[in-house]
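Novice: What follows is my_file18.cif; its format and atoms are mmCIF, C-alpha atoms.
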data_coords
loop_
_atom_site.label_atom_id
_atom_site.label_comp_id
_atom_site.auth_asym_id
_atom_site.auth_seq_id
_atom_site.Cartn_x
_atom_site.Cartn_y
_atom_site.Cartn_z
CA MET A 1 0.00 0.00 0.00
CA ASP A 2 1.29 3.45 -0.91
CA VAL A 3 1.06 5.39 2.37
CA THR A 4 1.91 8.61 0.54
CA GLN A 5 -1.21 8.45 -1.66
CA PRO A 6 -3.56 10.15 0.86
CA LEU A 7 -1.07 13.03 1.12
CA LYS A 8 -0.84 13.25 -2.67
CA ASP A 9 -4.63 13.37 -2.89
CA VAL A 10 -4.80 16.21 -0.37
CA LEU A 11 -2.10 18.20 -2.18
CA TYR A 12 -3.83 17.63 -5.52
CA ARG A 13 -7.14 18.92 -4.16
CA LEU A 14 -5.43 21.97 -2.66
CA TYR A 15 -3.73 22.73 -5.99
CA GLU A 16 -7.03 22.28 -7.83
CA ALA A 17 -8.81 24.62 -5.41
CA ARG A 18 -6.08 27.24 -5.82
CA LEU A 19 -6.31 27.04 -9.61
CA LEU A 20 -10.09 27.37 -9.50
CA ALA A 21 -9.98 30.38 -7.18
CA GLY A 22 -7.57 32.18 -9.52
CA ILE A 23 -9.62 31.39 -12.62
CA ARG A 24 -12.82 32.68 -11.07
CA ARG A 25 -11.30 36.12 -10.61
CA ARG A 26 -10.75 36.59 -14.35
CA PRO A 27 -12.88 36.39 -17.52
CA VAL A 28 -13.53 32.90 -18.89
CA PRO A 29 -14.16 32.04 -22.57
CA SER A 30 -17.60 32.97 -23.86
CA HIS A 31 -17.39 30.11 -26.35
CA LEU A 32 -15.26 27.01 -25.75
CA GLY A 33 -14.48 24.50 -28.50
CA LEU A 34 -13.52 20.93 -27.57
CA ILE A 35 -11.81 18.49 -29.92
CA GLN A 36 -12.20 15.17 -28.11
CA ASP A 37 -9.31 13.08 -29.38
CA GLY A 38 -7.68 9.87 -28.23
CA HIS A 39 -10.58 7.51 -27.44
CA ARG A 40 -9.21 4.53 -29.36
CA ARG A 41 -5.60 4.98 -28.21
CA TYR A 42 -6.77 5.23 -24.62
CA ALA A 43 -8.87 2.09 -25.03
CA ARG A 44 -5.98 0.20 -26.62
CA GLN A 45 -3.59 1.09 -23.78
CA ALA A 46 -6.21 0.15 -21.17
CA GLY A 47 -7.06 -3.16 -22.85
CA LEU A 48 -10.60 -2.03 -23.65
CA SER A 49 -12.73 -2.19 -26.77
CA ASN A 50 -13.26 0.90 -28.89
CA LEU A 51 -16.90 0.93 -27.75
CA GLU A 52 -15.80 1.10 -24.12
CA GLY A 53 -13.36 3.89 -24.99
CA TYR A 54 -16.13 5.89 -26.67
CA ARG A 55 -18.39 5.41 -23.65
CA LEU A 56 -15.69 6.65 -21.30
CA GLY A 57 -15.18 9.62 -23.61
CA ALA A 58 -18.88 10.47 -23.51
CA ASP A 59 -18.82 10.27 -19.72
CA LYS A 60 -15.86 12.65 -19.77
CA ALA A 61 -17.83 15.08 -21.95
CA ARG A 62 -20.56 15.02 -19.33
CA GLU A 63 -17.99 15.78 -16.64
CA VAL A 64 -16.42 18.62 -18.62
CA LEU A 65 -19.84 20.20 -19.14
CA THR A 66 -20.30 20.32 -15.37
CA TRP A 67 -16.92 22.07 -15.08
CA CYS A 68 -18.02 24.57 -17.71
CA ALA A 69 -21.24 25.20 -15.79
CA GLU A 70 -19.21 25.71 -12.61
CA LEU A 71 -17.22 28.47 -14.35
CA LYS A 72 -20.33 29.84 -16.09
CA VAL A 73 -19.02 29.25 -19.62
CA PRO A 74 -22.11 30.11 -21.69
CA MET A 75 -21.36 28.22 -24.92
CA VAL A 76 -19.56 24.96 -25.72
CA SER A 77 -18.97 23.27 -29.08
CA LEU A 78 -18.26 19.56 -28.70
CA TRP A 79 -16.88 17.69 -31.72
CA TRP A 80 -18.18 14.17 -31.42
CA LEU A 81 -17.90 12.77 -34.96
CA SER A 82 -16.34 14.24 -38.09
CA THR A 83 -17.38 13.72 -41.68
CA GLU A 84 -14.03 11.93 -42.16
CA ASN A 85 -14.80 9.62 -39.22
CA LEU A 86 -17.85 8.39 -41.13
CA SER A 87 -15.49 6.70 -43.61
CA ARG A 88 -13.92 4.48 -40.92
CA GLU A 89 -14.73 0.79 -40.62
CA SER A 90 -18.48 0.35 -40.31
CA ALA A 91 -18.19 -1.38 -36.91
CA ASP A 92 -16.24 1.56 -35.48
CA VAL A 93 -18.69 4.14 -36.85
CA ALA A 94 -21.56 2.07 -35.47
CA ALA A 95 -19.90 2.09 -32.04
CA VAL A 96 -19.60 5.89 -32.01
CA LEU A 97 -23.19 6.36 -33.16
CA ARG A 98 -24.43 3.88 -30.57
CA VAL A 99 -22.69 5.85 -27.81
CA ILE A 100 -24.11 9.14 -29.10
CA ASP A 101 -27.62 7.66 -29.07
CA GLU A 102 -27.13 6.21 -25.57
CA LYS A 103 -25.50 9.19 -23.92
CA VAL A 104 -27.63 11.99 -25.37
CA THR A 105 -30.70 10.02 -24.31
CA GLU A 106 -29.14 9.52 -20.88
CA TRP A 107 -28.50 13.25 -20.48
CA LEU A 108 -32.18 13.88 -21.10
CA GLN A 109 -33.47 11.10 -18.88
CA ASP A 110 -31.24 11.45 -15.82
CA GLY A 111 -31.66 15.20 -15.45
CA LEU A 112 -28.24 16.45 -16.62
CA ALA A 113 -29.72 18.56 -19.42
CA ARG A 114 -32.29 20.03 -17.05
CA ARG A 115 -29.83 20.59 -14.19
CA LEU A 116 -27.28 22.40 -16.36
CA ARG A 117 -30.03 24.00 -18.46
CA LEU A 118 -28.28 22.64 -21.56
CA ARG A 119 -29.64 23.82 -24.88
CA ILE A 120 -28.52 21.08 -27.23
CA ARG A 121 -28.05 21.97 -30.88
CA PRO A 122 -26.72 19.36 -33.34
CA ILE A 123 -24.50 20.76 -36.10
CA GLY A 124 -22.95 19.08 -39.11
CA LYS A 125 -23.95 17.23 -42.24
CA LEU A 126 -26.90 15.72 -40.42
CA ASP A 127 -28.40 14.12 -43.52
CA LEU A 128 -25.46 11.68 -43.49
CA LEU A 129 -26.54 10.24 -40.13
CA PRO A 130 -28.72 7.17 -39.59
CA ALA A 131 -32.36 7.99 -38.96
CA SER A 132 -32.14 6.69 -35.38
CA THR A 133 -29.27 9.02 -34.44
CA LEU A 134 -30.88 11.97 -36.18
CA GLU A 135 -34.10 11.31 -34.28
CA VAL A 136 -32.25 11.29 -30.93
CA LEU A 137 -30.46 14.56 -31.71
CA GLU A 138 -33.59 16.30 -33.00
CA ARG A 139 -35.53 15.18 -29.94
CA ALA A 140 -32.79 16.53 -27.66
CA ALA A 141 -32.86 19.85 -29.50
CA ALA A 142 -36.65 20.09 -29.23
CA LEU A 143 -36.77 19.20 -25.52
CA THR A 144 -34.02 21.65 -24.55
CA ARG A 145 -34.90 24.53 -26.89
CA GLU A 146 -36.14 26.76 -24.04
CA HIS A 147 -33.23 26.08 -21.68
CA ASP A 148 -31.17 29.12 -20.75
CA GLY A 149 -27.90 27.56 -19.57
CA ILE A 150 -25.02 26.35 -21.72
CA LEU A 151 -25.68 26.39 -25.46
CA LEU A 152 -24.14 23.09 -26.53
CA ASN A 153 -23.28 22.68 -30.21
CA VAL A 154 -22.91 18.94 -30.78
CA GLY A 155 -20.81 18.33 -33.88
CA VAL A 156 -21.90 15.03 -35.44
CA GLY A 157 -20.96 14.41 -39.06
CA TYR A 158 -19.22 17.77 -38.80
CA GLY A 159 -16.36 19.00 -40.97
CA GLY A 160 -15.11 22.56 -41.28
CA ARG A 161 -14.56 22.41 -45.04
CA GLN A 162 -18.02 20.97 -45.62
CA GLU A 163 -19.51 23.67 -43.41
CA ILE A 164 -17.99 26.39 -45.60
CA VAL A 165 -19.15 24.63 -48.78
CA ASP A 166 -22.67 24.34 -47.37
CA ALA A 167 -22.63 28.00 -46.32
CA ILE A 168 -21.67 29.16 -49.82
CA ALA A 169 -24.25 26.81 -51.35
CA GLY A 170 -26.94 28.20 -49.06
CA TYR A 171 -25.97 31.75 -49.92
CA LEU A 172 -26.06 31.08 -53.67
CA THR A 173 -29.34 29.17 -53.44
CA ASP A 174 -31.03 32.10 -51.70
CA HIS A 175 -29.78 34.51 -54.36
CA PHE A 176 -30.81 32.22 -57.23
CA ASN A 177 -34.28 31.88 -55.72
CA ARG A 178 -34.55 35.68 -55.58
CA GLY A 179 -33.42 36.02 -59.19
CA SER A 180 -30.30 38.02 -58.24
CA THR A 181 -27.86 39.07 -60.92
CA PRO A 182 -24.22 37.92 -60.82
CA GLU A 183 -23.30 41.49 -59.86
CA ASP A 184 -25.68 41.35 -56.87
CA ILE A 185 -24.28 38.00 -55.78
CA LEU A 186 -20.67 39.21 -55.87
CA ARG A 187 -21.47 42.51 -54.19
CA ASP A 188 -23.26 40.85 -51.29
CA LEU A 189 -20.62 38.14 -50.75
CA THR A 190 -18.79 39.25 -47.60
CA PRO A 191 -17.45 37.45 -44.51
CA ASP A 192 -20.42 38.71 -42.50
CA THR A 193 -22.81 37.31 -45.09
CA VAL A 194 -21.14 33.89 -45.17
CA GLU A 195 -21.30 33.66 -41.37
CA LYS A 196 -25.09 33.83 -41.54
CA TYR A 197 -25.08 30.51 -43.43
CA LEU A 198 -22.66 28.58 -41.20
CA TYR A 199 -23.96 25.76 -39.01
CA THR A 200 -23.17 27.94 -35.98
CA GLN A 201 -24.93 31.02 -37.45
CA ASP A 202 -25.80 33.13 -34.41
CA CYS A 203 -22.87 31.97 -32.24
CA PRO A 204 -19.80 34.09 -31.53
CA ASP A 205 -16.51 32.58 -32.69
CA PRO A 206 -14.82 30.28 -30.15
CA ASP A 207 -12.47 32.13 -27.82
CA LEU A 208 -10.58 28.98 -26.88
CA ILE A 209 -10.26 25.59 -28.56
CA ILE A 210 -8.88 22.67 -26.54
CA ARG A 211 -7.60 19.51 -28.22
CA THR A 212 -6.55 16.43 -26.31
CA SER A 213 -4.23 13.49 -27.15
CA GLY A 214 -1.12 15.51 -28.01
CA GLU A 215 -2.07 16.18 -31.63
CA VAL A 216 -1.25 19.77 -32.62
CA ARG A 217 -3.74 20.56 -35.38
CA LEU A 218 -7.41 21.45 -35.84
CA SER A 219 -8.24 18.66 -38.31
CA GLY A 220 -10.98 20.83 -39.82
CA PHE A 221 -12.69 21.95 -36.62
CA MET A 222 -14.44 25.30 -37.11
CA LEU A 223 -12.05 26.43 -39.84
CA TRP A 224 -13.95 29.64 -40.51
CA GLN A 225 -14.74 30.52 -36.90
CA SER A 226 -11.28 29.82 -35.46
CA ALA A 227 -9.42 32.61 -37.30
CA TYR A 228 -8.69 34.44 -34.04
CA SER A 229 -9.31 31.67 -31.52
CA GLU A 230 -6.73 30.74 -28.92
CA PHE A 231 -5.59 27.10 -28.95
CA TYR A 232 -4.56 24.78 -26.14
CA PHE A 233 -3.16 21.32 -26.83
CA CYS A 234 -3.13 18.76 -24.04
CA ASP A 235 -1.22 15.46 -24.07
CA ALA A 236 -3.89 13.52 -22.16
CA TYR A 237 -6.23 11.31 -24.14
CA TRP A 238 -9.81 12.57 -23.92
CA PRO A 239 -11.11 9.88 -21.51
CA ALA A 240 -8.19 10.72 -19.17
CA PHE A 241 -8.65 14.52 -19.37
CA ARG A 242 -8.66 15.80 -15.77
CA LYS A 243 -10.22 18.82 -14.17
CA VAL A 244 -6.74 20.18 -13.51
CA ASP A 245 -5.97 19.87 -17.25
CA PHE A 246 -9.16 21.78 -18.00
CA MET A 247 -8.35 24.54 -15.54
CA ARG A 248 -4.78 24.86 -16.83
CA ALA A 249 -6.22 25.40 -20.31
CA ILE A 250 -8.54 28.13 -19.02
CA ARG A 251 -5.69 29.75 -17.09
CA SER A 252 -3.47 29.68 -20.18
CA TYR A 253 -6.22 31.43 -22.13
CA GLN A 254 -6.57 34.06 -19.40
CA ASP A 255 -2.82 34.74 -19.48
CA ARG A 256 -2.80 35.56 -23.20
CA ASN A 257 -3.06 38.97 -24.80
CA ARG A 258 -5.60 38.61 -27.60
CA ARG A 259 -5.01 41.05 -30.47
CA PHE A 260 -7.42 39.66 -33.11
CA GLY A 261 -4.89 40.30 -35.88
CA LYS A 262 -4.34 43.97 -34.98
#
Would you kindly transcribe this structure into structure tokens?
Specialist:
Amino acid sequence: MDVTQPLKDVLYRLYEARLLAGIRRRPVPSHLGLIQDGHRRYARQAGLSNLEGYRLGADKAREVLTWCAELKVPMVSLWWLSTENLSRESADVAAVLRVIDEKVTEWLQDGLARRLRLRIRPIGKLDLLPASTLEVLERAAALTREHDGILLNVGVGYGGRQEIVDAIAGYLTDHFNRGSTPEDILRDLTPDTVEKYLYTQDCPDPDLIIRTSGEVRLSGFMLWQSAYSEFYFCDAYWPAFRKVDFMRAIRSYQDRNRRFGK
């Protein structure tokens, strides 16, 4: 038995409390993006199946949302499944979709969505999803539409490039339907106009994007919206992401001088 473990636990809790106290004295992100990476690698190291890794990752997402609520972060974008992920082996995709169905339903049934006042909004190429998953997500959106807590963008079948393509397509379709001239279309095409057609539409751009697993890239997450976002890359795999890792990311964001390209 490690007799030093109780002391380590006490010191860890004291450090965590000190971090939290410092964070609460300063502004937190208004919009937090989360790239949940490392489920399969975590599962492989732990001797678990991919399905078990995805379930642990979903439980971690639940935990992180409670941390966000504790800090009063008003908006979170959670990337659960990319358009590229949909091309993986069918068994692996089925495992992810099964977990999404299970956990979103669980959040509704066990009171998490109500307790945190989550307003769940699915974003992505939703027509690529199975009818069962789409039904779960649409039901979650309908049941939480009036909630006034965290606005949770759930990226399922989401890809940043596809989002931009869909935004331009939506813009052009509206103009074609109005009978606009090519001159009108070009004149009205501005960054502000394109933003109105993004999946995130009325959301401010993410202030901070956190990616786990040690990968140092966005992999297509919110390509348009992240132009002036701050990034934080954490070595921990998503299922092993700790509250102290989360708070260090927030503290790092608070320590930065954001210039927005100026």
Novice: Suppose you want the space between atom CA of Ala140 of chain A and atom CA of Lys196 of chain A; what is it in Å?
Specialist: 23.5 Å
Novice: Determine the nearest neighbour of Leu152 of chain A from the options A:Tyr12, A:Phe221, A:Trp80, A:Tyr197, counting all atoms listed in the file.
Specialist: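 Between A:Tyr12, A:Phe221, A:Trp80, A:Tyr197, the residue approaching Leu152 of chain A most closely is A:Trp80.
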Novice: If I take atom CA of Val28 of chain A and atom CA of Tyr228 of chain A, how far is one from the other in Å, to one decimal?
Specialist: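 It comes out at 16.0 Å.
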Novice: One decimal, in Å: what's the spacing between atom CA of Tyr253 of chain A and atom CA of Pro27 of chain A?
Specialist: 9.5 Å
Novice: Run the PyMOL selection byres ((chain A and resi 214) around 8) on the file and write out the hits as a PDB file with C-alpha atoms, in the frame of the given file.
Specialist:
ATOM      1  CA  ARG A 211      -7.600  19.510 -28.220  1.00  0.00           C
ATOM      2  CA  THR A 212      -6.550  16.430 -26.310  1.00  0.00           C
ATOM      3  CA  SER A 213      -4.230  13.490 -27.150  1.00  0.00           C
ATOM      4  CA  GLU A 215      -2.070  16.180 -31.630  1.00  0.00           C
ATOM      5  CA  VAL A 216      -1.250  19.770 -32.620  1.00  0.00           C
ATOM      6  CA  PHE A 233      -3.160  21.320 -26.830  1.00  0.00           C
ATOM      7  CA  CYS A 234      -3.130  18.760 -24.040  1.00  0.00           C
ATOM      8  CA  ASP A 235      -1.220  15.460 -24.070  1.00  0.00           C
ATOM      9  CA  ALA A 236      -3.890  13.520 -22.160  1.00  0.00           C
ATOM     10  CA  TYR A 237      -6.230  11.310 -24.140  1.00  0.00           C
TER      11      TYR A 237
END
Novice: So that I can check the surroundings of Asn85 of chain A, please list as a list in words every protein, DNA and RNA residue that reaches within 12 Å of it, counting only C-alpha atoms and ignoring chain neighbours fewer than 3 positions away.
Specialist: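 Listed by chain and then number, they are Asp37, Trp79, Trp80, Leu81, Ser82, Arg88, Glu89, Ser90, Ala91, Asp92, Val93, Ala94, Ala95, Val96, Leu97, Leu128, Leu129, Gly155, Val156, Gly157, Tyr158, Gly159, Ser219 and Gly220 of chain A.
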Novice: Within 8 Å of segment 47-57 of chain A, counting only C-alpha atoms, which residues show up once you throw out same-chain ones fewer than 5 positions away? Write them as a PyMOL selection string, please.
Specialist: chain A and resi 36+39-40+42+92+95-96+99+238-239
Novice: Quick one: everything within 10 Å of segment 254-258 of chain A, counting all atoms listed in the file, minus sequence neighbours fewer than 3 positions away in the same chain. Send it as number ranges by chain.
Specialist: A: 23, 26-29, 207-208, 228-230, 248-251, 261-262
Novice: Skipping near chain neighbours, those fewer than 3 positions away, what residues fall within 7 Å of Ala141 of chain A using only C-alpha atoms, listed as a VMD selection string?
Specialist: chain A and resid 119 to 121 137 to 138 144 to 145
